[in-house]
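A.B. asks: Quick one, input.pdb (PDB, C-alpha atoms):
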```pdb
ATOM      1  CA  MET A   1       0.000   0.000   0.000
ATOM      2  CA  SER A   2       1.306   3.451  -0.920
ATOM      3  CA  ARG A   3       1.838   6.005   1.835
ATOM      4  CA  ARG A   4       0.022   8.418  -0.468
ATOM      5  CA  HIS A   5      -3.105   6.277  -0.230
ATOM      6  CA  LEU A   6      -4.817   6.795   3.133
ATOM      7  CA  PRO A   7      -7.669   4.300   3.588
ATOM      8  CA  SER A   8     -10.933   5.245   5.271
ATOM      9  CA  GLY A   9     -10.425   5.584   9.021
ATOM     10  CA  SER A  10      -6.658   6.038   8.882
ATOM     11  CA  LEU A  11      -7.008   9.848   9.190
ATOM     12  CA  ALA A  12      -9.801   9.748  11.795
ATOM     13  CA  HIS A  13      -9.424  11.853  14.928
ATOM     14  CA  GLY A  14     -12.083  11.554  17.597
ATOM     15  CA  ASP A  15     -15.476  11.742  15.898
ATOM     16  CA  ASP A  16     -14.034  13.282  12.733
ATOM     17  CA  GLN A  17     -13.510  11.044   9.713
ATOM     18  CA  VAL A  18     -10.570  12.914   8.160
ATOM     19  CA  VAL A  19      -7.979  15.268   9.628
ATOM     20  CA  LEU A  20      -5.238  15.924   7.063
ATOM     21  CA  THR A  21      -2.841  18.846   7.548
ATOM     22  CA  PRO A  22      -0.161  20.026   5.102
ATOM     23  CA  ALA A  23       2.440  18.571   7.462
ATOM     24  CA  ASP A  24       0.653  15.195   7.396
ATOM     25  CA  ALA A  25       0.744  15.237   3.604
ATOM     26  CA  GLY A  26       4.396  16.292   3.525
ATOM     27  CA  TRP A  27       3.825  19.516   1.640
ATOM     28  CA  THR A  28       3.012  23.219   2.154
ATOM     29  CA  TYR A  29      -0.556  24.246   1.290
ATOM     30  CA  CYS A  30      -3.453  21.768   1.045
ATOM     31  CA  GLY A  31      -5.414  20.271   3.915
ATOM     32  CA  LEU A  32      -8.767  18.582   4.486
ATOM     33  CA  ARG A  33     -10.999  17.890   7.448
ATOM     34  CA  VAL A  34     -14.242  15.945   7.393
ATOM     35  CA  ILE A  35     -16.051  16.731  10.632
ATOM     36  CA  SER A  36     -18.954  14.750  12.040
ATOM     37  CA  LEU A  37     -21.597  16.648  14.009
ATOM     38  CA  ALA A  38     -24.392  15.228  16.123
ATOM     39  CA  ALA A  39     -27.860  16.745  15.601
ATOM     40  CA  GLY A  40     -27.786  20.303  16.903
ATOM     41  CA  GLU A  41     -24.066  20.176  17.728
ATOM     42  CA  SER A  42     -21.792  23.171  17.103
ATOM     43  CA  ARG A  43     -18.084  23.215  16.383
ATOM     44  CA  THR A  44     -15.968  26.391  16.759
ATOM     45  CA  PHE A  45     -12.364  26.661  15.581
ATOM     46  CA  PRO A  46      -9.930  29.253  14.194
ATOM     47  CA  THR A  47      -8.924  29.129  10.544
ATOM     48  CA  GLY A  48      -5.390  30.244  11.478
ATOM     49  CA  ASP A  49      -3.190  30.721   8.422
ATOM     50  CA  THR A  50      -5.645  28.904   6.116
ATOM     51  CA  GLU A  51      -8.730  29.773   4.100
ATOM     52  CA  ILE A  52     -11.530  27.190   3.984
ATOM     53  CA  PHE A  53     -14.727  26.135   2.318
ATOM     54  CA  VAL A  54     -17.558  24.660   4.382
ATOM     55  CA  LEU A  55     -19.068  21.951   2.156
ATOM     56  CA  PRO A  56     -21.896  19.765   3.504
ATOM     57  CA  LEU A  57     -21.471  16.123   2.495
ATOM     58  CA  SER A  58     -24.361  14.508   4.381
ATOM     59  CA  ALA A  59     -25.662  17.297   6.592
ATOM     60  CA  THR A  60     -28.655  19.602   6.201
ATOM     61  CA  ASP A  61     -29.708  22.883   7.795
ATOM     62  CA  VAL A  62     -26.106  23.933   8.383
ATOM     63  CA  VAL A  63     -25.393  27.340   9.917
ATOM     64  CA  VAL A  64     -21.970  28.956   9.445
ATOM     65  CA  GLU A  65     -21.039  31.978  11.584
ATOM     66  CA  ALA A  66     -17.826  33.930  11.029
ATOM     67  CA  ALA A  67     -16.672  37.561  11.362
ATOM     68  CA  GLY A  68     -20.185  38.768  12.162
ATOM     69  CA  GLU A  69     -21.737  36.971   9.166
ATOM     70  CA  ARG A  70     -24.316  34.171   9.401
ATOM     71  CA  PHE A  71     -24.943  31.850   6.454
ATOM     72  CA  GLU A  72     -27.693  29.219   6.342
ATOM     73  CA  LEU A  73     -26.796  26.272   4.111
ATOM     74  CA  GLU A  74     -29.517  23.885   2.976
ATOM     75  CA  GLY A  75     -26.881  21.176   2.532
ATOM     76  CA  ARG A  76     -27.743  17.654   1.378
ATOM     77  CA  THR A  77     -28.266  14.141   2.681
ATOM     78  CA  SER A  78     -25.525  12.655   0.484
ATOM     79  CA  VAL A  79     -23.037  13.861  -2.121
ATOM     80  CA  PHE A  80     -25.059  11.783  -4.592
ATOM     81  CA  ALA A  81     -28.295  13.646  -3.739
ATOM     82  CA  ARG A  82     -27.569  17.107  -5.162
ATOM     83  CA  VAL A  83     -25.086  19.930  -5.537
ATOM     84  CA  SER A  84     -24.713  21.766  -2.229
ATOM     85  CA  ASP A  85     -24.487  25.402  -1.262
ATOM     86  CA  ILE A  86     -21.222  26.372   0.426
ATOM     87  CA  ALA A  87     -19.570  28.985   2.618
ATOM     88  CA  TYR A  88     -16.084  30.456   2.312
ATOM     89  CA  VAL A  89     -14.177  31.686   5.371
ATOM     90  CA  GLY A  90     -10.820  33.436   5.123
ATOM     91  CA  ARG A  91      -7.706  33.135   7.267
ATOM     92  CA  ASP A  92      -7.370  34.481  10.836
ATOM     93  CA  THR A  93     -11.075  34.015  11.543
ATOM     94  CA  ASP A  94     -13.030  32.092  14.188
ATOM     95  CA  VAL A  95     -15.800  30.031  12.574
ATOM     96  CA  THR A  96     -18.731  28.209  14.172
ATOM     97  CA  ILE A  97     -20.543  25.446  12.296
ATOM     98  CA  THR A  98     -23.859  24.002  13.476
ATOM     99  CA  SER A  99     -26.088  21.382  11.849
ATOM    100  CA  ALA A 100     -29.671  20.795  12.949
ATOM    101  CA  SER A 101     -29.628  17.310  11.429
ATOM    102  CA  GLY A 102     -26.031  16.425  12.182
ATOM    103  CA  GLY A 103     -23.858  14.630   9.666
ATOM    104  CA  GLU A 104     -20.599  15.019   7.769
ATOM    105  CA  ILE A 105     -19.165  18.308   6.526
ATOM    106  CA  ALA A 106     -15.976  18.664   4.478
ATOM    107  CA  ILE A 107     -13.615  21.540   5.251
ATOM    108  CA  PRO A 108     -11.021  21.772   2.468
ATOM    109  CA  SER A 109      -8.296  24.290   3.268
ATOM    110  CA  ALA A 110      -5.187  25.986   1.925
ATOM    111  CA  ARG A 111      -2.493  28.044   3.592
ATOM    112  CA  CYS A 112      -2.678  31.531   2.133
ATOM    113  CA  ASP A 113      -1.402  35.087   2.446
ATOM    114  CA  VAL A 114      -4.445  37.307   1.900
ATOM    115  CA  ALA A 115      -7.296  37.547   4.440
ATOM    116  CA  LEU A 116     -10.658  37.721   2.680
ATOM    117  CA  PRO A 117     -14.114  38.181   4.271
ATOM    118  CA  PRO A 118     -16.626  35.310   4.552
ATOM    119  CA  ARG A 119     -18.950  34.705   1.628
ATOM    120  CA  PHE A 120     -21.934  32.462   0.824
ATOM    121  CA  GLY A 121     -22.212  30.442  -2.383
ATOM    122  CA  PRO A 122     -25.737  29.248  -3.290
ATOM    123  CA  ALA A 123     -26.146  25.867  -4.950
ATOM    124  CA  SER A 124     -28.006  27.508  -7.820
ATOM    125  CA  ASP A 125     -24.832  29.404  -8.762
ATOM    126  CA  VAL A 126     -22.607  26.310  -8.952
ATOM    127  CA  ALA A 127     -21.565  25.623 -12.536
ATOM    128  CA  VAL A 128     -22.052  21.941 -13.401
ATOM    129  CA  GLU A 129     -19.984  20.766 -16.356
ATOM    130  CA  VAL A 130     -19.983  17.530 -18.363
ATOM    131  CA  ARG A 131     -16.529  16.440 -19.519
ATOM    132  CA  GLY A 132     -15.287  13.666 -21.772
ATOM    133  CA  ALA A 133     -17.508  11.378 -23.827
ATOM    134  CA  GLY A 134     -18.557   7.756 -24.084
ATOM    135  CA  GLN A 135     -17.269   5.703 -21.161
ATOM    136  CA  ALA A 136     -15.029   8.598 -20.127
ATOM    137  CA  THR A 137     -18.011  10.885 -19.443
ATOM    138  CA  ARG A 138     -18.112  12.474 -15.993
ATOM    139  CA  SER A 139     -19.641  15.580 -14.443
ATOM    140  CA  ILE A 140     -17.922  18.320 -12.458
ATOM    141  CA  SER A 141     -19.379  20.569  -9.765
ATOM    142  CA  ASN A 142     -17.212  23.687 -10.066
ATOM    143  CA  PHE A 143     -18.111  25.244  -6.718
ATOM    144  CA  GLY A 144     -14.556  26.423  -5.987
ATOM    145  CA  SER A 145     -12.725  26.466  -9.310
ATOM    146  CA  PRO A 146     -10.826  29.665 -10.214
ATOM    147  CA  GLU A 147     -13.208  30.406 -13.087
ATOM    148  CA  ALA A 148     -16.366  29.916 -11.003
ATOM    149  CA  TRP A 149     -15.239  31.249  -7.612
ATOM    150  CA  ALA A 150     -12.864  34.234  -7.663
ATOM    151  CA  HIS A 151     -13.157  34.957  -3.924
ATOM    152  CA  ALA A 152     -10.114  33.016  -2.662
ATOM    153  CA  ASP A 153      -6.363  33.539  -2.403
ATOM    154  CA  LYS A 154      -4.968  30.008  -2.947
ATOM    155  CA  LEU A 155      -7.726  27.432  -2.434
ATOM    156  CA  MET A 156      -9.324  25.642  -5.390
ATOM    157  CA  CYS A 157     -11.918  22.851  -5.186
ATOM    158  CA  VAL A 158     -14.203  20.859  -7.475
ATOM    159  CA  GLU A 159     -16.366  17.763  -7.066
ATOM    160  CA  VAL A 160     -16.085  15.003  -9.680
ATOM    161  CA  TYR A 161     -18.934  12.529 -10.319
ATOM    162  CA  THR A 162     -18.344   9.348 -12.320
ATOM    163  CA  PRO A 163     -21.213   6.994 -13.269
ATOM    164  CA  ASP A 164     -20.661   3.324 -12.551
ATOM    165  CA  GLY A 165     -18.452   1.661 -15.163
ATOM    166  CA  ASN A 166     -16.996   4.968 -16.409
ATOM    167  CA  TRP A 167     -13.489   6.460 -16.308
ATOM    168  CA  SER A 168     -12.635   9.980 -15.140
ATOM    169  CA  SER A 169      -9.475  12.059 -14.696
ATOM    170  CA  TYR A 170      -8.683  10.766 -18.156
ATOM    171  CA  PRO A 171      -6.468  11.147 -20.097
ATOM    172  CA  PRO A 172      -3.943  11.218 -17.234
ATOM    173  CA  HIS A 173      -2.785  14.766 -16.522
ATOM    174  CA  LYS A 174      -0.540  16.639 -14.114
ATOM    175  CA  HIS A 175       0.059  20.077 -12.647
ATOM    176  CA  ASP A 176       3.292  19.652 -10.721
ATOM    177  CA  ASP A 177       6.948  20.724 -10.579
ATOM    178  CA  SER A 178       7.730  19.344 -14.051
ATOM    179  CA  PRO A 179       9.385  21.943 -16.309
ATOM    180  CA  GLU A 180       6.601  21.623 -18.889
ATOM    181  CA  CYS A 181       3.736  22.281 -16.439
ATOM    182  CA  PRO A 182       2.226  25.798 -16.448
ATOM    183  CA  VAL A 183       1.410  25.617 -12.696
ATOM    184  CA  ASN A 184       2.517  23.526  -9.726
ATOM    185  CA  ASN A 185      -0.350  22.400  -7.466
ATOM    186  CA  GLU A 186      -0.587  20.025  -4.547
ATOM    187  CA  GLU A 187      -3.813  18.016  -4.739
ATOM    188  CA  VAL A 188      -5.998  15.906  -2.461
ATOM    189  CA  TYR A 189      -8.567  13.363  -3.677
ATOM    190  CA  TYR A 190     -11.307  12.449  -1.166
ATOM    191  CA  PHE A 191     -13.432   9.553  -2.415
ATOM    192  CA  ARG A 192     -17.033   8.567  -1.743
ATOM    193  CA  ILE A 193     -18.513   5.464  -3.354
ATOM    194  CA  GLY A 194     -22.251   5.078  -3.878
ATOM    195  CA  ARG A 195     -24.725   2.456  -4.981
ATOM    196  CA  ALA A 196     -25.543   3.166  -8.643
ATOM    197  CA  GLY A 197     -29.077   4.413  -9.168
ATOM    198  CA  SER A 198     -29.438   5.639  -5.587
ATOM    199  CA  THR A 199     -28.102   8.374  -3.317
ATOM    200  CA  GLU A 200     -26.805   5.869  -0.746
ATOM    201  CA  TYR A 201     -23.162   5.315   0.152
ATOM    202  CA  ALA A 202     -21.794   1.817  -0.440
ATOM    203  CA  GLY A 203     -19.216   0.587   2.051
ATOM    204  CA  GLU A 204     -18.765  -2.556  -0.015
ATOM    205  CA  GLY A 205     -18.237  -0.596  -3.227
ATOM    206  CA  PHE A 206     -14.915   0.283  -4.805
ATOM    207  CA  GLY A 207     -13.125   1.898  -7.709
ATOM    208  CA  MET A 208      -9.571   2.244  -9.001
ATOM    209  CA  HIS A 209      -7.085   5.114  -8.975
ATOM    210  CA  ARG A 210      -3.778   5.618 -10.810
ATOM    211  CA  THR A 211      -0.941   8.141 -10.246
ATOM    212  CA  TYR A 212       2.543   7.939 -11.793
ATOM    213  CA  THR A 213       5.515  10.134 -12.637
ATOM    214  CA  GLY A 214       7.423   7.869 -14.971
ATOM    215  CA  GLU A 215      11.198   7.739 -14.545
ATOM    216  CA  ARG A 216      11.811  11.496 -14.426
ATOM    217  CA  PRO A 217      15.540  12.242 -14.802
ATOM    218  CA  ASP A 218      15.145  15.565 -12.945
ATOM    219  CA  LEU A 219      14.004  13.756  -9.771
ATOM    220  CA  ASP A 220      15.718  11.431  -7.377
ATOM    221  CA  PRO A 221      14.269   7.921  -7.942
ATOM    222  CA  SER A 222      12.887   8.003  -4.384
ATOM    223  CA  GLN A 223      10.471  10.698  -5.604
ATOM    224  CA  TRP A 224       9.136   8.717  -8.541
ATOM    225  CA  VAL A 225       5.520   7.600  -8.161
ATOM    226  CA  ASP A 226       3.926   4.455  -9.618
ATOM    227  CA  ASP A 227       0.603   3.757  -7.865
ATOM    228  CA  ALA A 228      -2.404   1.782  -9.078
ATOM    229  CA  MET A 229      -4.837   0.804  -6.364
ATOM    230  CA  GLU A 230      -8.328   0.046  -5.211
ATOM    231  CA  VAL A 231     -10.108   2.937  -3.480
ATOM    232  CA  ARG A 232     -13.163   2.662  -1.254
ATOM    233  CA  ASP A 233     -15.709   4.932   0.379
ATOM    234  CA  GLY A 234     -13.960   7.513   2.561
ATOM    235  CA  ASP A 235     -10.417   6.951   1.240
ATOM    236  CA  VAL A 236      -7.999   9.850   0.688
ATOM    237  CA  TYR A 237      -5.170  10.029  -1.830
ATOM    238  CA  VAL A 238      -2.541  12.815  -1.744
ATOM    239  CA  ILE A 239      -0.822  13.765  -5.018
ATOM    240  CA  PRO A 240       2.517  15.535  -4.562
ATOM    241  CA  ARG A 241       3.373  15.175  -8.252
ATOM    242  CA  GLY A 242       2.780  13.034 -11.306
ATOM    243  CA  TYR A 243       0.102  12.181 -13.824
ATOM    244  CA  HIS A 244      -3.154  11.317 -12.060
ATOM    245  CA  GLY A 245      -5.787   9.244 -13.770
ATOM    246  CA  PRO A 246      -7.702   7.371 -14.550
ATOM    247  CA  CYS A 247     -10.162   6.999 -11.716
ATOM    248  CA  ILE A 248     -12.480   4.116 -12.570
ATOM    249  CA  ALA A 249     -15.906   3.444 -11.058
ATOM    250  CA  ALA A 250     -16.673  -0.271 -10.786
ATOM    251  CA  PRO A 251     -19.918  -1.445 -12.399
ATOM    252  CA  GLY A 252     -22.731  -1.060  -9.889
ATOM    253  CA  TYR A 253     -20.973   1.693  -7.932
ATOM    254  CA  SER A 254     -20.907   5.438  -8.586
ATOM    255  CA  MET A 255     -17.736   7.343  -7.730
ATOM    256  CA  TYR A 256     -17.398  10.820  -6.221
ATOM    257  CA  TYR A 257     -14.213  12.624  -5.341
ATOM    258  CA  LEU A 258     -13.527  16.039  -3.906
ATOM    259  CA  ASN A 259     -10.409  17.657  -5.386
ATOM    260  CA  VAL A 260      -8.575  20.150  -3.165
ATOM    261  CA  LEU A 261      -5.751  22.093  -4.825
ATOM    262  CA  ALA A 262      -3.344  24.907  -3.981
ATOM    263  CA  GLY A 263       0.166  25.893  -4.942
ATOM    264  CA  PRO A 264       2.830  28.564  -4.823
ATOM    265  CA  GLY A 265       1.788  30.469  -7.941
ATOM    266  CA  GLY A 266       0.578  34.044  -7.669
ATOM    267  CA  GLU A 267      -2.647  33.310  -9.556
ATOM    268  CA  ARG A 268      -5.048  30.447  -8.868
ATOM    269  CA  SER A 269      -5.011  28.056 -11.812
ATOM    270  CA  MET A 270      -5.916  24.429 -12.434
ATOM    271  CA  ALA A 271      -4.054  24.349 -15.765
ATOM    272  CA  PHE A 272      -2.584  20.947 -16.582
ATOM    273  CA  CYS A 273      -0.638  18.951 -19.144
ATOM    274  CA  ASP A 274      -1.803  15.584 -20.438
ATOM    275  CA  ASP A 275       0.400  12.531 -20.632
ATOM    276  CA  PRO A 276       1.381  12.893 -24.329
ATOM    277  CA  THR A 277       1.068   9.127 -24.800
ATOM    278  CA  HIS A 278      -2.698   9.353 -24.258
ATOM    279  CA  HIS A 279      -3.507  12.928 -25.320
ATOM    280  CA  TRP A 280      -4.845  11.748 -28.694
ATOM    281  CA  ILE A 281      -7.988  10.359 -27.062
ATOM    282  CA  ARG A 282      -9.425  13.862 -26.650
ATOM    283  CA  ALA A 283      -9.884  14.186 -30.421
ATOM    284  CA  GLU A 284     -11.919  10.958 -30.427
ATOM    285  CA  TRP A 285     -14.505  12.590 -28.164
ATOM    286  CA  ASP A 286     -15.455  15.193 -30.774
ATOM    287  CA  ASP A 287     -17.720  12.727 -32.595
ATOM    288  CA  MET A 288     -18.695  10.592 -29.592
ATOM    289  CA  PRO A 289     -21.904  11.144 -27.580
ATOM    290  CA  THR A 290     -21.694  11.859 -23.867
ATOM    291  CA  ASP A 291     -23.158   9.448 -21.344
ATOM    292  CA  PRO A 292     -26.796  10.498 -20.734
ATOM    293  CA  ARG A 293     -26.373   9.787 -17.020
ATOM    294  CA  CYS A 294     -24.364  13.016 -16.749
ATOM    295  CA  PRO A 295     -24.651  15.426 -15.114
ATOM    296  CA  MET A 296     -25.314  13.075 -12.204
ATOM    297  CA  VAL A 297     -26.409  15.872  -9.841
ATOM    298  CA  THR A 298     -27.461  19.491 -10.070
ATOM    299  CA  ALA A 299     -28.805  22.018  -7.589
ATOM    300  CA  ASP A 300     -32.260  20.515  -8.264
ATOM    301  CA  GLY A 301     -31.227  17.011  -7.216
ATOM    302  CA  ALA A 302     -29.936  13.720  -8.613
ATOM    303  CA  ARG A 303     -30.685  12.516 -12.120
ATOM    304  CA  PRO A 304     -33.533   9.966 -11.927
TER     305      PRO A 304
END
```
In structure tokens, write the structure found in this file.
C.D. replies:
Amino acid sequence: MSRRHLPSGSLAHGDDQVVLTPADAGWTYCGLRVISLAAGESRTFPTGDTEIFVLPLSATDVVVEAAGERFELEGRTSVFARVSDIAYVGRDTDVTITSASGGEIAIPSARCDVALPPRFGPASDVAVEVRGAGQATRSISNFGSPEAWAHADKLMCVEVYTPDGNWSSYPPHKHDDSPECPVNNEEVYYFRIGRAGSTEYAGEGFGMHRTYTGERPDLDPSQWVDDAMEVRDGDVYVIPRGYHGPCIAAPGYSMYYLNVLAGPGGERSMAFCDDPTHHWIRAEWDDMPTDPRCPMVTADGARP
């Protein structure tokens, strides 16, 4: 098992499912917490030197209070139920999160320099995009991408939905410290696996994930990456460098992953370079229909 692959439960702390700091990941910027709240419970904490999003995963009626602002998030019962509204909270701010229903809430974070005020993002404003074609069709919830959400210093986030049997993050691509890459981003993948045709999570379900650098002559061989592994509901994978993809959803099981990115560049960007061996596949999609199961979710709910 790769040290980059962190199975469900291995990052748990107390009642929280995931606590991943930049130091834990061995890098500088990206972090992720997945907190679990009981019904009516509140959690207060400082953002410190990070900016965060508050993203309900399976929690409804979520209230976020920070810097004198109060945001009421409708949330959702499952990531497979709908696109969620979100809240952004900048660095050096105390934030309180309460959920009437209780449940899981993701808090992706990035160390940053600029302190920005809190802001609410309604689900209706989240741009949902269909990418790829054929069996490589997937849908993207761009709630925190640079193009869709300008109100952040370093932090970038999207949600990726892959119907059962399909491939996503394909062709393999990278945004790392390679000389040919336009930007260098750290990246976290947080996986949820669901039962196809429902909004339920599937603990028995699985998918596959691939990350590799190839034998880069500019790196010490100890820094080369060559991972291909099974991923399950609640797993985390940290990507310090290398081509990532594909992610493959097993037949019968839908795949979701939250991407958290940040890097040292002065401008937020998710620009990437494809593995040139597989770049040609993009041209094949021009005349290929997209999978009608995408988009899998919108602000109005899941596709029937």
A.B. asks: Name every residue that the PyMOL selection byres ((chain A and resi 56-67) around 6) selects in this structure, writing the answer as a ChimeraX atom specification with chains first and numbers rising.
C.D. replies: /A:55,68-79,95-105
A.B. asks: Each residue of stretch 164-190 of chain A lying at most 9 Å from stretch 24-40 of chain A should get a row with its shortest atom-to-atom pair and the distance in Å to one decimal, counting only C-alpha atoms; could you produce that, ordered by chain and increasing number, as a Markdown table?
C.D. replies:
```
| residue | atom | partner | partner_atom | distance |
| --- | --- | --- | --- | --- |
| A:Asn185 | CA | A:Tyr29 | CA | 9.0 |
| A:Glu186 | CA | A:Cys30 | CA | 6.5 |
| A:Glu187 | CA | A:Cys30 | CA | 6.9 |
| A:Val188 | CA | A:Cys30 | CA | 7.3 |
| A:Tyr190 | CA | A:Leu32 | CA | 8.7 |
```
A.B. asks: Using the chain letters and numbers from this file, what does the PyMOL selection byres ((chain A and resi 113) around 8) select? Give the answer as a PyMOL selection string.
C.D. replies: chain A and resi 49+111-112+114-115+153
A.B. asks: Excluding same-chain residues fewer than 4 positions from stretch 214-221 of chain A, what lies within 10 Å of it counting only C-alpha atoms, as a PyMOL selection string?
C.D. replies: chain A and resi 177-179+225-226+242-243
A.B. asks: Grab the atom CA of A:Ala250 to atom CA of A:Gly132 distance for me, in Å with one decimal place.
C.D. replies: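 Distance reported for this atom pair: 17.8 Å.
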A.B. asks: Point out the residue among A:Ala283, A:Val238, A:Gly90, A:Cys273 with the least atom-to-atom distance to A:Thr21, counting all atoms listed in the file.
C.D. replies: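 Looking at the shortest contact to A:Thr21, the residue is A:Val238.
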A.B. asks: Please provide as a short mmCIF file (atom, residue, chain, number, x, y, z; two decimals) with C-alpha atoms, in the coordinates of the input all residues within 12 Å of A:Val158, with the sequence filter that same-chain residues fewer than 3 positions apart are discarded (counting all atoms listed in the file).
C.D. replies:
```
data_model
loop_
_atom_site.label_atom_id
_atom_site.label_comp_id
_atom_site.auth_asym_id
_atom_site.auth_seq_id
_atom_site.Cartn_x
_atom_site.Cartn_y
_atom_site.Cartn_z
CA PHE A 53 -14.73 26.14 2.32
CA LEU A 55 -19.07 21.95 2.16
CA VAL A 83 -25.09 19.93 -5.54
CA SER A 84 -24.71 21.77 -2.23
CA ILE A 86 -21.22 26.37 0.43
CA PRO A 108 -11.02 21.77 2.47
CA VAL A 126 -22.61 26.31 -8.95
CA ALA A 127 -21.56 25.62 -12.54
CA VAL A 128 -22.05 21.94 -13.40
CA GLU A 129 -19.98 20.77 -16.36
CA SER A 139 -19.64 15.58 -14.44
CA ILE A 140 -17.92 18.32 -12.46
CA SER A 141 -19.38 20.57 -9.76
CA ASN A 142 -17.21 23.69 -10.07
CA PHE A 143 -18.11 25.24 -6.72
CA GLY A 144 -14.56 26.42 -5.99
CA SER A 145 -12.72 26.47 -9.31
CA PRO A 146 -10.83 29.66 -10.21
CA GLU A 147 -13.21 30.41 -13.09
CA ALA A 148 -16.37 29.92 -11.00
CA TRP A 149 -15.24 31.25 -7.61
CA LEU A 155 -7.73 27.43 -2.43
CA TYR A 161 -18.93 12.53 -10.32
CA GLU A 187 -3.81 18.02 -4.74
CA VAL A 188 -6.00 15.91 -2.46
CA TYR A 189 -8.57 13.36 -3.68
CA TYR A 190 -11.31 12.45 -1.17
CA TYR A 256 -17.40 10.82 -6.22
CA TYR A 257 -14.21 12.62 -5.34
CA LEU A 258 -13.53 16.04 -3.91
CA ASN A 259 -10.41 17.66 -5.39
CA VAL A 260 -8.57 20.15 -3.16
CA LEU A 261 -5.75 22.09 -4.82
CA MET A 270 -5.92 24.43 -12.43
#
```
A.B. asks: Got a sec: who's within 10 Å of A:Gly194, counting all atoms listed in the file, leaving out chain neighbours fewer than 4 positions off, as a tab-separated table (two decimals) with C-alpha atoms, in the coordinates of the input?
C.D. replies:
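This went into out-v5.tsv:
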```
chain	number	residue	atom	x	y	z
A	78	SER	CA	-25.52	12.66	0.48
A	79	VAL	CA	-23.04	13.86	-2.12
A	80	PHE	CA	-25.06	11.78	-4.59
A	163	PRO	CA	-21.21	6.99	-13.27
A	164	ASP	CA	-20.66	3.32	-12.55
A	198	SER	CA	-29.44	5.64	-5.59
A	199	THR	CA	-28.10	8.37	-3.32
A	200	GLU	CA	-26.80	5.87	-0.75
A	201	TYR	CA	-23.16	5.32	0.15
A	202	ALA	CA	-21.79	1.82	-0.44
A	203	GLY	CA	-19.22	0.59	2.05
A	204	GLU	CA	-18.76	-2.56	-0.02
A	205	GLY	CA	-18.24	-0.60	-3.23
A	206	PHE	CA	-14.92	0.28	-4.80
A	232	ARG	CA	-13.16	2.66	-1.25
A	233	ASP	CA	-15.71	4.93	0.38
A	249	ALA	CA	-15.91	3.44	-11.06
A	252	GLY	CA	-22.73	-1.06	-9.89
A	253	TYR	CA	-20.97	1.69	-7.93
A	254	SER	CA	-20.91	5.44	-8.59
A	255	MET	CA	-17.74	7.34	-7.73
A	256	TYR	CA	-17.40	10.82	-6.22
```
A.B. asks: Identify which of the residues A:Arg293, A:His151, A:Lys174, A:Arg4 lies closest to A:Arg119, counting all atoms listed in the file when measuring atom-to-atom distances.
C.D. replies: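 Answer, going by the shortest atom-to-atom distance: A:His151.
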A.B. asks: Take the PyMOL selection byres ((chain A and resi 244) around 9), apply it to the structure above, and return the hits as a PDB file with C-alpha atoms, in the frame of the given file.
C.D. replies:
```pdb
ATOM      1  CA  SER A 169      -9.475  12.059 -14.696  1.00  0.00           C
ATOM      2  CA  TYR A 170      -8.683  10.766 -18.156  1.00  0.00           C
ATOM      3  CA  PRO A 171      -6.468  11.147 -20.097  1.00  0.00           C
ATOM      4  CA  PRO A 172      -3.943  11.218 -17.234  1.00  0.00           C
ATOM      5  CA  HIS A 173      -2.785  14.766 -16.522  1.00  0.00           C
ATOM      6  CA  LYS A 174      -0.540  16.639 -14.114  1.00  0.00           C
ATOM      7  CA  HIS A 209      -7.085   5.114  -8.975  1.00  0.00           C
ATOM      8  CA  ARG A 210      -3.778   5.618 -10.810  1.00  0.00           C
ATOM      9  CA  THR A 211      -0.941   8.141 -10.246  1.00  0.00           C
ATOM     10  CA  TYR A 212       2.543   7.939 -11.793  1.00  0.00           C
ATOM     11  CA  THR A 213       5.515  10.134 -12.637  1.00  0.00           C
ATOM     12  CA  ILE A 239      -0.822  13.765  -5.018  1.00  0.00           C
ATOM     13  CA  ARG A 241       3.373  15.175  -8.252  1.00  0.00           C
ATOM     14  CA  GLY A 242       2.780  13.034 -11.306  1.00  0.00           C
ATOM     15  CA  TYR A 243       0.102  12.181 -13.824  1.00  0.00           C
ATOM     16  CA  GLY A 245      -5.787   9.244 -13.770  1.00  0.00           C
ATOM     17  CA  PRO A 246      -7.702   7.371 -14.550  1.00  0.00           C
ATOM     18  CA  CYS A 247     -10.162   6.999 -11.716  1.00  0.00           C
TER      19      CYS A 247
END
```
A.B. asks: Rounded to one decimal place, report the atom CA of A:Arg268-atom CA of A:Lys154 distance in Å.
C.D. replies: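 The value is 5.9 Å.
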A.B. asks: Which distance in Å separates atom CA of A:Glu51 and atom CA of A:Pro22, to one decimal?
C.D. replies: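 Answer for the atom CA of A:Glu51 to atom CA of A:Pro22 separation: 13.0 Å.
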A.B. asks: Would you kindly return, as a list in words, each protein, DNA or RNA residue with an atom no farther than 6 Å from any atom of A:Arg138, considering all atoms listed in the file and excluding same-chain residues fewer than 6 positions away?
C.D. replies: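 Listing them by chain and then by number gives Val130, Arg131, Tyr161 and Thr162 of chain A.
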A.B. asks: Counting only C-alpha atoms, figure out which residue out of A:Val236, A:Ala262, A:Ala81, A:Ile281 gets nearest to A:Ser10.
C.D. replies: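 When distances to A:Ser10 are compared using only C-alpha atoms, the smallest one comes from A:Val236.
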